[in-house]
$ cat input16.csv   # CSV, C-alpha atoms and all ligand atoms
chain,number,residue,atom,x,y,z
A,3,MET,CA,0.0,0.0,0.0
A,4,ASN,CA,1.3,3.5,-0.8
A,5,ASN,CA,0.3,6.8,0.7
A,6,MET,CA,-2.4,7.2,-1.9
A,7,GLY,CA,-4.2,4.3,-0.2
A,8,ILE,CA,-3.9,2.1,-3.3
A,9,PRO,CA,-1.9,-1.1,-3.5
A,10,ILE,CA,1.2,-0.9,-5.8
A,11,PRO,CA,0.0,-3.9,-7.9
A,12,SER,CA,-3.3,-2.0,-8.5
A,13,LEU,CA,-1.3,1.0,-9.7
A,14,ARG,CA,0.6,-1.2,-12.1
A,15,ARG,CA,-2.6,-2.7,-13.4
A,16,LEU,CA,-4.2,0.7,-13.8
A,17,LEU,CA,-1.4,1.6,-16.2
A,18,ALA,CA,-2.0,-1.6,-18.2
A,19,TYR,CA,-5.8,-0.8,-18.3
A,20,TYR,CA,-4.9,2.8,-19.4
A,21,ARG,CA,-2.8,1.6,-22.3
A,22,HIS,CA,-5.5,-0.8,-23.4
A,23,LEU,CA,-8.3,1.7,-23.1
A,24,LYS,CA,-6.3,4.3,-25.0
A,25,SER,CA,-5.5,2.0,-27.9
A,26,ALA,CA,-9.1,0.8,-28.1
A,27,SER,CA,-10.4,4.3,-28.1
A,28,GLN,CA,-8.0,5.2,-31.0
A,29,LYS,CA,-9.3,2.2,-32.9
A,30,GLY,CA,-12.8,3.6,-32.5
A,31,LEU,CA,-13.9,1.1,-29.9
A,32,GLU,CA,-16.2,3.0,-27.5
A,33,PHE,CA,-16.5,0.4,-24.7
A,34,LEU,CA,-14.5,-2.3,-23.1
A,35,SER,CA,-15.8,-4.9,-20.6
A,36,SER,CA,-14.0,-5.8,-17.4
A,37,GLY,CA,-13.3,-9.2,-19.1
A,38,ASP,CA,-11.4,-7.4,-22.0
A,39,LEU,CA,-9.4,-5.3,-19.5
A,40,ALA,CA,-8.7,-8.4,-17.3
A,41,LEU,CA,-7.2,-10.2,-20.3
A,42,ALA,CA,-5.0,-7.2,-21.2
A,43,ALA,CA,-3.6,-6.9,-17.6
A,44,GLY,CA,-3.4,-10.6,-16.9
A,45,THR,CA,-6.0,-10.5,-14.1
A,46,THR,CA,-9.6,-11.3,-13.3
A,47,PRO,CA,-12.8,-9.2,-14.1
A,48,GLU,CA,-13.4,-9.0,-10.3
A,49,GLN,CA,-9.9,-7.5,-9.8
A,50,VAL,CA,-10.5,-5.0,-12.6
A,51,ARG,CA,-13.7,-3.8,-10.8
A,52,LYS,CA,-11.8,-3.6,-7.5
A,53,ASP,CA,-8.9,-1.6,-9.0
A,54,PHE,CA,-11.4,0.8,-10.7
A,55,SER,CA,-13.1,1.3,-7.3
A,56,PHE,CA,-10.0,3.4,-6.3
A,57,LEU,CA,-10.7,5.9,-9.1
A,58,PRO,CA,-12.4,9.1,-8.0
A,59,SER,CA,-15.1,9.0,-10.6
A,60,GLN,CA,-17.0,6.0,-11.8
A,61,GLY,CA,-19.4,5.7,-14.7
A,62,ARG,CA,-19.3,2.1,-15.9
A,63,SER,CA,-22.4,1.4,-18.0
A,64,ARG,CA,-24.1,-1.9,-18.8
A,65,VAL,CA,-22.1,-2.1,-22.0
A,66,GLY,CA,-18.8,-1.6,-20.1
A,67,TYR,CA,-16.3,1.1,-19.5
A,68,PRO,CA,-16.3,4.0,-21.9
A,69,THR,CA,-12.8,3.8,-23.4
A,70,GLN,CA,-11.9,7.5,-23.9
A,71,LYS,CA,-13.4,8.7,-20.6
A,72,PHE,CA,-11.8,6.0,-18.5
A,73,ALA,CA,-8.4,6.5,-20.2
A,74,GLU,CA,-8.7,10.2,-19.2
A,75,ILE,CA,-9.8,9.4,-15.6
A,76,ILE,CA,-6.8,7.0,-15.2
A,77,GLU,CA,-4.4,9.5,-16.9
A,78,ASP,CA,-5.5,12.1,-14.4
A,79,TYR,CA,-5.4,9.8,-11.4
A,80,LEU,CA,-1.9,8.5,-12.2
A,81,GLY,CA,-0.6,12.1,-13.0
A,82,LEU,CA,0.3,11.0,-16.5
A,83,MET,CA,-1.1,14.3,-18.0
A,84,ASN,CA,1.7,16.4,-19.3
A,85,ASP,CA,0.6,20.0,-18.8
A,86,LYS,CA,4.0,21.7,-18.9
A,87,GLU,CA,5.3,20.8,-22.3
A,88,ALA,CA,4.2,22.0,-25.7
A,89,VAL,CA,4.9,21.3,-29.3
A,90,LEU,CA,5.0,24.1,-32.0
A,91,VAL,CA,4.2,23.6,-35.7
A,92,GLY,CA,5.5,26.1,-38.2
A,93,ALA,CA,9.1,27.0,-37.7
A,94,GLY,CA,8.8,30.2,-39.6
A,95,ASN,CA,9.3,33.9,-38.4
A,96,LEU,CA,6.7,33.8,-35.7
A,97,GLY,CA,7.3,30.1,-34.7
A,98,ARG,CA,11.0,30.7,-34.2
A,99,ALA,CA,10.4,33.9,-32.2
A,100,LEU,CA,8.1,32.1,-29.8
A,101,ALA,CA,10.4,29.1,-29.6
A,102,LEU,CA,13.3,31.3,-28.6
A,103,TYR,CA,11.3,33.4,-26.1
A,104,PRO,CA,12.6,32.5,-22.6
A,105,GLY,CA,9.6,34.0,-20.7
A,106,PHE,CA,7.2,31.0,-21.2
A,107,GLU,CA,9.3,28.9,-18.8
A,108,GLN,CA,8.5,31.4,-16.1
A,109,VAL,CA,4.8,30.6,-16.5
A,110,GLY,CA,5.5,26.9,-16.5
A,111,LEU,CA,5.4,26.2,-20.3
A,112,ARG,CA,8.2,24.6,-22.2
A,113,ILE,CA,8.2,24.2,-25.9
A,114,VAL,CA,10.0,20.8,-26.4
A,115,VAL,CA,10.0,20.3,-30.2
A,116,LEU,CA,9.2,22.1,-33.4
A,117,PHE,CA,7.6,20.7,-36.5
A,118,ASP,CA,7.6,21.9,-40.1
A,119,ASN,CA,6.9,20.4,-43.6
A,120,ASP,CA,9.7,22.4,-45.4
A,121,PRO,CA,12.6,20.0,-46.2
A,122,GLU,CA,14.9,23.1,-45.9
A,123,LYS,CA,13.9,23.5,-42.2
A,124,ILE,CA,13.5,19.9,-41.1
A,125,GLY,CA,16.6,18.7,-39.3
A,126,ASN,CA,17.7,22.3,-38.4
A,127,LYS,CA,17.8,23.6,-34.9
A,128,VAL,CA,16.1,26.7,-33.4
A,129,GLY,CA,18.1,27.4,-30.2
A,130,ASP,CA,18.3,24.0,-28.6
A,131,LEU,CA,15.1,22.7,-30.3
A,132,GLN,CA,15.1,20.3,-33.2
A,133,VAL,CA,12.8,20.9,-36.2
A,134,LEU,CA,11.1,17.5,-37.0
A,135,PRO,CA,8.9,16.5,-40.0
A,136,VAL,CA,5.2,17.3,-39.3
A,137,ASP,CA,4.3,13.7,-40.1
A,138,ALA,CA,5.9,12.6,-36.9
A,139,LEU,CA,3.7,14.9,-34.8
A,140,PRO,CA,0.8,12.6,-33.8
A,141,SER,CA,2.9,9.7,-32.7
A,142,LEU,CA,5.4,11.9,-30.8
A,143,VAL,CA,2.8,13.8,-28.9
A,144,GLU,CA,1.0,10.6,-28.1
A,145,ARG,CA,4.2,9.0,-26.8
A,146,MET,CA,5.2,12.0,-24.7
A,147,LEU,CA,1.6,12.6,-23.5
A,148,ILE,CA,1.9,16.2,-24.6
A,149,ARG,CA,-1.4,18.1,-24.3
A,150,ILE,CA,-0.5,21.6,-25.6
A,151,GLY,CA,0.0,22.5,-29.2
A,152,ILE,CA,1.0,25.9,-30.8
A,153,ILE,CA,0.1,26.6,-34.5
A,154,THR,CA,2.3,29.1,-36.3
A,155,THR,CA,1.8,27.8,-39.8
A,156,THR,CA,0.2,29.7,-42.6
A,157,ALA,CA,-3.6,29.7,-42.5
A,158,ASP,CA,-4.0,27.1,-45.3
A,159,ALA,CA,-2.2,24.5,-43.3
A,160,ALA,CA,-3.8,25.2,-39.9
A,161,GLN,CA,-6.8,22.9,-40.1
A,162,ALA,CA,-4.6,19.9,-41.1
A,163,VAL,CA,-2.2,20.7,-38.3
A,164,ALA,CA,-5.0,21.0,-35.7
A,165,ASP,CA,-6.4,17.6,-36.9
A,166,ALA,CA,-2.9,16.0,-36.5
A,167,MET,CA,-2.6,17.5,-33.0
A,168,VAL,CA,-6.0,16.2,-32.0
A,169,ALA,CA,-5.2,12.8,-33.4
A,170,GLY,CA,-2.1,12.7,-31.1
A,171,GLY,CA,-4.1,13.7,-28.0
A,172,ILE,CA,-3.5,17.4,-27.9
A,173,LYS,CA,-6.3,19.1,-25.7
A,174,ALA,CA,-5.3,22.8,-25.8
A,175,ILE,CA,-4.3,24.7,-28.9
A,176,TRP,CA,-2.7,28.1,-29.1
A,177,ASN,CA,-3.4,29.2,-32.6
A,178,PHE,CA,-1.6,32.2,-34.2
A,179,SER,CA,-2.8,31.6,-37.8
A,180,THR,CA,-5.7,33.6,-39.1
A,181,LEU,CA,-7.8,30.4,-39.7
A,182,ARG,CA,-10.1,29.3,-36.8
A,183,PRO,CA,-9.6,25.5,-36.8
A,184,LYS,CA,-12.6,23.2,-36.0
A,185,VAL,CA,-11.9,20.8,-33.2
A,186,PRO,CA,-13.9,18.4,-31.0
A,187,ASP,CA,-15.7,19.8,-28.0
A,188,ASP,CA,-13.1,18.6,-25.5
A,189,VAL,CA,-10.3,20.5,-27.1
A,190,MET,CA,-9.8,24.2,-26.3
A,191,VAL,CA,-8.5,26.6,-28.9
A,192,ARG,CA,-7.3,30.1,-28.1
A,193,ASN,CA,-7.1,32.1,-31.4
A,194,MET,CA,-4.5,34.8,-31.3
A,195,ASP,CA,-5.4,36.8,-34.3
A,196,LEU,CA,-2.8,39.5,-34.1
A,197,SER,CA,-4.0,41.4,-37.2
A,198,SER,CA,-7.5,41.8,-35.8
A,199,GLU,CA,-6.0,43.2,-32.5
A,200,LEU,CA,-4.1,45.7,-34.6
A,201,ILE,CA,-7.4,46.7,-36.3
A,202,VAL,CA,-8.9,47.4,-32.9
A,203,LEU,CA,-6.0,49.7,-32.1
A,204,SER,CA,-6.2,51.6,-35.4
A,205,HIS,CA,-10.0,51.9,-35.1
A,206,TYR,CA,-9.4,53.5,-31.7
A,207,ILE,CA,-6.9,55.9,-33.1
A,208,ARG,CA,-9.3,56.9,-35.9
A,209,SER,CA,-12.1,57.4,-33.3
A,210,LEU,CA,-9.8,59.9,-31.5
A,211,GLY,CA,-9.3,61.7,-34.8
A,212,ALA,CA,-13.1,62.1,-35.2
A,213,GLN,CA,-13.4,63.9,-31.9
A,214,GLU,CA,-10.4,66.2,-32.5
A,215,PRO,CA,-9.6,67.4,-36.0
A,216,PRO,CA,-6.0,66.3,-36.9
A,217,LYS,CA,-3.4,69.0,-36.3
A,218,SER,CA,-1.2,69.8,-39.2
A,219,LEU,CA,2.6,70.0,-38.9
A,220,ASP,CA,2.2,73.8,-39.6
A,221,ASP,CA,0.0,74.2,-36.5
A,222,ASP,CA,2.6,72.4,-34.4
A,223,LEU,CA,5.4,74.6,-35.7
A,224,ASP,CA,3.3,77.8,-35.1
A,225,ARG,CA,2.8,76.7,-31.5
A,226,LEU,CA,6.5,76.0,-31.0
A,227,GLU,CA,7.4,79.4,-32.5
A,228,GLN,CA,5.0,81.2,-30.2
A,229,ALA,CA,6.3,79.4,-27.2
A,230,SER,CA,10.0,80.3,-28.0
B,301,LIG,N1,5.0,37.0,-38.2
B,301,LIG,C1,4.2,37.7,-37.6
B,301,LIG,O1,4.5,38.8,-37.0
B,301,LIG,C2,2.7,37.4,-37.6
B,301,LIG,C3,1.8,38.3,-37.1
B,301,LIG,C4,0.5,38.0,-37.1
B,301,LIG,C5,0.1,36.7,-37.5
B,301,LIG,N2,0.9,35.8,-38.0
B,301,LIG,C6,0.4,34.5,-38.5
B,301,LIG,O2,1.3,33.5,-38.0
B,301,LIG,C7,1.4,32.5,-39.0
B,301,LIG,C8,2.9,32.3,-39.3
B,301,LIG,O3,3.5,33.6,-39.8
B,301,LIG,P1,5.0,33.6,-40.2
B,301,LIG,O4,5.3,35.0,-40.5
B,301,LIG,O5,5.8,33.0,-39.1
B,301,LIG,O6,5.0,32.7,-41.5
B,301,LIG,P2,6.2,31.9,-42.2
B,301,LIG,O7,5.8,31.7,-43.6
B,301,LIG,O8,7.5,32.5,-41.8
B,301,LIG,O9,6.1,30.5,-41.3
B,301,LIG,C9,5.2,29.5,-41.6
B,301,LIG,C10,5.8,28.2,-41.4
B,301,LIG,O10,4.8,27.2,-41.5
B,301,LIG,C11,5.4,26.1,-42.2
B,301,LIG,N3,4.3,25.3,-42.7
B,301,LIG,C12,3.4,25.6,-43.8
B,301,LIG,N4,2.6,24.6,-44.0
B,301,LIG,C13,2.9,23.6,-43.1
B,301,LIG,C14,2.4,22.3,-42.8
B,301,LIG,N5,1.3,21.8,-43.4
B,301,LIG,N6,2.9,21.6,-41.8
B,301,LIG,C15,4.0,22.1,-41.1
B,301,LIG,N7,4.5,23.3,-41.3
B,301,LIG,C16,4.0,24.1,-42.3
B,301,LIG,C17,6.2,26.8,-43.3
B,301,LIG,O11,7.2,25.9,-43.8
B,301,LIG,C18,6.9,27.9,-42.5
B,301,LIG,O12,8.1,27.5,-41.9
B,301,LIG,C19,0.6,33.0,-40.2
B,301,LIG,O13,-0.6,32.3,-40.2
B,301,LIG,C20,0.5,34.4,-40.0
B,301,LIG,O14,-0.8,34.9,-40.5
B,301,LIG,C21,2.3,36.1,-38.1

$ encode --input "input16.csv" --output "structure tokens" --more "lines below"
Ligand SMILES: NC(=O)c1ccc[n+]([C@@H]2O[C@H](COP(=O)([O-])OP(=O)(O)OC[C@H]3O[C@@H](n4cnc5c(N)ncnc54)[C@H](O)[C@@H]3O)[C@@H](O)[C@H]2O)c1
Amino acid sequence: MNNMGIPIPSLRRLLAYYRHLKSASQKGLEFLSSGDLALAAGTTPEQVRKDFSFLPSQGRSRVGYPTQKFAEIIEDYLGLMNDKEAVLVGAGNLGRALALYPGFEQVGLRIVVLFDNDPEKIGNKVGDLQVLPVDALPSLVERMLIRIGIITTTADAAQAVADAMVAGGIKAIWNFSTLRPKVPDDVMVRNMDLSSELIVLSHYIRSLGAQEPPKSLDDDLDRLEQAS
């Protein structure tokens, strides 16, 4: 027994159940029975139910355990969720600037790898970070349990990149492209549309101009002359 109040063998089996639930969910299987899980972990259906009783939330239905939901519950319970590391796709001007910015570490975010589809960029380094081919993204984020993805590609590529991120298990996307990608309900996207922010600022400046007629350079020079 450890200080979480769960026997060590149960913890080990939970990891085996997690892997099996996750792979079943990726294959499109919505439910697994305790018999299926018992087989995968080399135990009995009774032991599976006992191990699952340690989890904070339940929700087994008559057809079995919902694969995606239970994979997430176990992921959370075992602390497998990686909420500190992020991947970035699009090693161009903005991507490189973000990857080199040291301030993210202070708020607990670390970009660990960059992806691109340009053969000229793949294999290069940005600071200490490697640029990998974008095809490797889903399997790498899945293996490293990374949950945060940053998109700095051009808009035409952003939906395919978001899809690849979601396929790998990314749950939070920081999107700098002008496209607003469509994602499943359980994925959060923050769209950082820098150009539209700029339009808000220029609109404000123009609204000031409407209240106060613009001063000409001649007016300014006259005032300076009078003051001297
Ligand atoms: N640079 C800025 O200051 C700025 C400001 C506002 C908005 N943005 C937005 O940020 C995005 C990036 O801008 P940028 O100036 O860095 O562009 P960029 O062209 O320098 O970089 C884009 C990168 O994405 C890569 N890419 C394209 N398709 C890809 C794909 N399918 N998979 C992987 N990588 C792919 C390209 O090879 C390139 O390295 C754009 O959508 C742009 O509108 C940039």

$ closest_residue --input "input16.csv" --among "A:Gln108, A:Gly92, A:Val115, A:Asp130" --to "Thr155 (chain A)" --atoms "all atoms listed in the file"
A:Gly92

$ closest_atom_pairs --input "input16.csv" --of "chain A" --to "ligand LIG 301 (chain B)" --cutoff "9 Å" --atoms "all atoms listed in the file" --output "CSV"
residue,atom,partner,partner_atom,distance
A:Val91,CA,B:LIG301,C15,5.6
A:Gly92,CA,B:LIG301,O10,3.5
A:Ala93,CA,B:LIG301,O12,4.3
A:Gly94,CA,B:LIG301,O9,3.2
A:Asn95,CA,B:LIG301,O5,3.7
A:Leu96,CA,B:LIG301,O5,3.6
A:Gly97,CA,B:LIG301,O5,5.5
A:Arg98,CA,B:LIG301,O5,7.5
A:Ala99,CA,B:LIG301,O5,8.3
A:Phe117,CA,B:LIG301,C15,6.0
A:Asp118,CA,B:LIG301,N7,3.6
A:Asn119,CA,B:LIG301,C15,4.2
A:Asp120,CA,B:LIG301,O11,4.6
A:Pro121,CA,B:LIG301,O11,8.4
A:Glu122,CA,B:LIG301,O11,8.5
A:Lys123,CA,B:LIG301,O12,7.1
A:Pro135,CA,B:LIG301,C15,7.5
A:Val136,CA,B:LIG301,C15,5.3
A:Asp137,CA,B:LIG301,N6,8.2
A:Ile153,CA,B:LIG301,C7,7.5
A:Thr154,CA,B:LIG301,C8,4.4
A:Thr155,CA,B:LIG301,O10,3.5
A:Thr156,CA,B:LIG301,O13,3.6
A:Ala157,CA,B:LIG301,O13,4.6
A:Asp158,CA,B:LIG301,N4,7.2
A:Ala159,CA,B:LIG301,N5,4.4
A:Ala160,CA,B:LIG301,N5,7.1
A:Gln161,CA,B:LIG301,N5,8.8
A:Ala162,CA,B:LIG301,N5,6.6
A:Val163,CA,B:LIG301,N6,6.3
A:Asn177,CA,B:LIG301,O2,8.4
A:Phe178,CA,B:LIG301,O2,5.0
A:Ser179,CA,B:LIG301,O13,3.3
A:Thr180,CA,B:LIG301,O14,5.3
A:Leu181,CA,B:LIG301,O13,7.5
A:Met194,CA,B:LIG301,C5,8.0
A:Asp195,CA,B:LIG301,C5,6.4
A:Leu196,CA,B:LIG301,C4,4.7
A:Ser197,CA,B:LIG301,C4,5.6
A:Ser198,CA,B:LIG301,C4,9.0

$ atom_distance --input "input16.csv" --atom1 "CA of Pro9 (chain A)" --atom2 "CA of Glu74 (chain A)"
20.5 Å

$ closest_residue --input "input16.csv" --among "A:Ile152, A:Val185, A:Leu80, A:Ile75" --to "Leu13 (chain A)" --atoms "only C-alpha atoms"
A:Leu80

$ atom_distance --input "input16.csv" --atom1 "CA of Arg112 (chain A)" --atom2 "CA of Val89 (chain A)"
8.5 Å

$ atom_distance --input "input16.csv" --atom1 "CA of Ser12 (chain A)" --atom2 "CA of Tyr79 (chain A)"
12.3 Å

$ closest_residue --input "input16.csv" --among "A:Leu82, A:Glu77, A:Leu100, A:Ile113" --to "Gln132 (chain A)" --atoms "all atoms listed in the file"
A:Ile113

$ closest_residue --input "input16.csv" --among "A:Glu32, A:Ser27, A:Gly66, A:Tyr206" --to "Pro47 (chain A)" --atoms "all atoms listed in the file"
A:Gly66

$ decode --input "input16.csv" --residues "region 162-216 of chain A" --atoms "C-alpha atoms" --output "PDB file, in the first residue's frame"
ATOM      1  CA  ALA A 162      -4.648  19.854 -41.080  1.00  0.00           C
ATOM      2  CA  VAL A 163      -2.172  20.702 -38.321  1.00  0.00           C
ATOM      3  CA  ALA A 164      -4.975  21.012 -35.746  1.00  0.00           C
ATOM      4  CA  ASP A 165      -6.360  17.631 -36.909  1.00  0.00           C
ATOM      5  CA  ALA A 166      -2.940  16.001 -36.507  1.00  0.00           C
ATOM      6  CA  MET A 167      -2.610  17.536 -33.032  1.00  0.00           C
ATOM      7  CA  VAL A 168      -6.036  16.228 -31.987  1.00  0.00           C
ATOM      8  CA  ALA A 169      -5.178  12.769 -33.387  1.00  0.00           C
ATOM      9  CA  GLY A 170      -2.120  12.704 -31.128  1.00  0.00           C
ATOM     10  CA  GLY A 171      -4.142  13.669 -28.045  1.00  0.00           C
ATOM     11  CA  ILE A 172      -3.531  17.435 -27.854  1.00  0.00           C
ATOM     12  CA  LYS A 173      -6.257  19.084 -25.741  1.00  0.00           C
ATOM     13  CA  ALA A 174      -5.278  22.764 -25.819  1.00  0.00           C
ATOM     14  CA  ILE A 175      -4.275  24.682 -28.948  1.00  0.00           C
ATOM     15  CA  TRP A 176      -2.725  28.140 -29.079  1.00  0.00           C
ATOM     16  CA  ASN A 177      -3.401  29.206 -32.647  1.00  0.00           C
ATOM     17  CA  PHE A 178      -1.587  32.154 -34.230  1.00  0.00           C
ATOM     18  CA  SER A 179      -2.810  31.569 -37.783  1.00  0.00           C
ATOM     19  CA  THR A 180      -5.748  33.575 -39.104  1.00  0.00           C
ATOM     20  CA  LEU A 181      -7.823  30.405 -39.652  1.00  0.00           C
ATOM     21  CA  ARG A 182     -10.052  29.295 -36.776  1.00  0.00           C
ATOM     22  CA  PRO A 183      -9.632  25.521 -36.755  1.00  0.00           C
ATOM     23  CA  LYS A 184     -12.578  23.226 -36.010  1.00  0.00           C
ATOM     24  CA  VAL A 185     -11.860  20.813 -33.179  1.00  0.00           C
ATOM     25  CA  PRO A 186     -13.858  18.368 -31.005  1.00  0.00           C
ATOM     26  CA  ASP A 187     -15.713  19.793 -27.979  1.00  0.00           C
ATOM     27  CA  ASP A 188     -13.144  18.551 -25.474  1.00  0.00           C
ATOM     28  CA  VAL A 189     -10.311  20.499 -27.138  1.00  0.00           C
ATOM     29  CA  MET A 190      -9.777  24.166 -26.277  1.00  0.00           C
ATOM     30  CA  VAL A 191      -8.485  26.587 -28.909  1.00  0.00           C
ATOM     31  CA  ARG A 192      -7.251  30.092 -28.142  1.00  0.00           C
ATOM     32  CA  ASN A 193      -7.094  32.060 -31.376  1.00  0.00           C
ATOM     33  CA  MET A 194      -4.458  34.790 -31.267  1.00  0.00           C
ATOM     34  CA  ASP A 195      -5.445  36.825 -34.258  1.00  0.00           C
ATOM     35  CA  LEU A 196      -2.766  39.506 -34.064  1.00  0.00           C
ATOM     36  CA  SER A 197      -3.971  41.381 -37.156  1.00  0.00           C
ATOM     37  CA  SER A 198      -7.485  41.834 -35.789  1.00  0.00           C
ATOM     38  CA  GLU A 199      -6.015  43.174 -32.529  1.00  0.00           C
ATOM     39  CA  LEU A 200      -4.146  45.720 -34.630  1.00  0.00           C
ATOM     40  CA  ILE A 201      -7.396  46.724 -36.346  1.00  0.00           C
ATOM     41  CA  VAL A 202      -8.941  47.386 -32.903  1.00  0.00           C
ATOM     42  CA  LEU A 203      -6.047  49.740 -32.127  1.00  0.00           C
ATOM     43  CA  SER A 204      -6.239  51.590 -35.444  1.00  0.00           C
ATOM     44  CA  HIS A 205     -10.002  51.903 -35.063  1.00  0.00           C
ATOM     45  CA  TYR A 206      -9.438  53.512 -31.659  1.00  0.00           C
ATOM     46  CA  ILE A 207      -6.890  55.940 -33.115  1.00  0.00           C
ATOM     47  CA  ARG A 208      -9.345  56.871 -35.884  1.00  0.00           C
ATOM     48  CA  SER A 209     -12.133  57.399 -33.344  1.00  0.00           C
ATOM     49  CA  LEU A 210      -9.847  59.901 -31.513  1.00  0.00           C
ATOM     50  CA  GLY A 211      -9.319  61.698 -34.803  1.00  0.00           C
ATOM     51  CA  ALA A 212     -13.075  62.063 -35.246  1.00  0.00           C
ATOM     52  CA  GLN A 213     -13.426  63.898 -31.916  1.00  0.00           C
ATOM     53  CA  GLU A 214     -10.447  66.172 -32.485  1.00  0.00           C
ATOM     54  CA  PRO A 215      -9.550  67.361 -36.003  1.00  0.00           C
ATOM     55  CA  PRO A 216      -6.017  66.261 -36.891  1.00  0.00           C
TER      56      PRO A 216
END
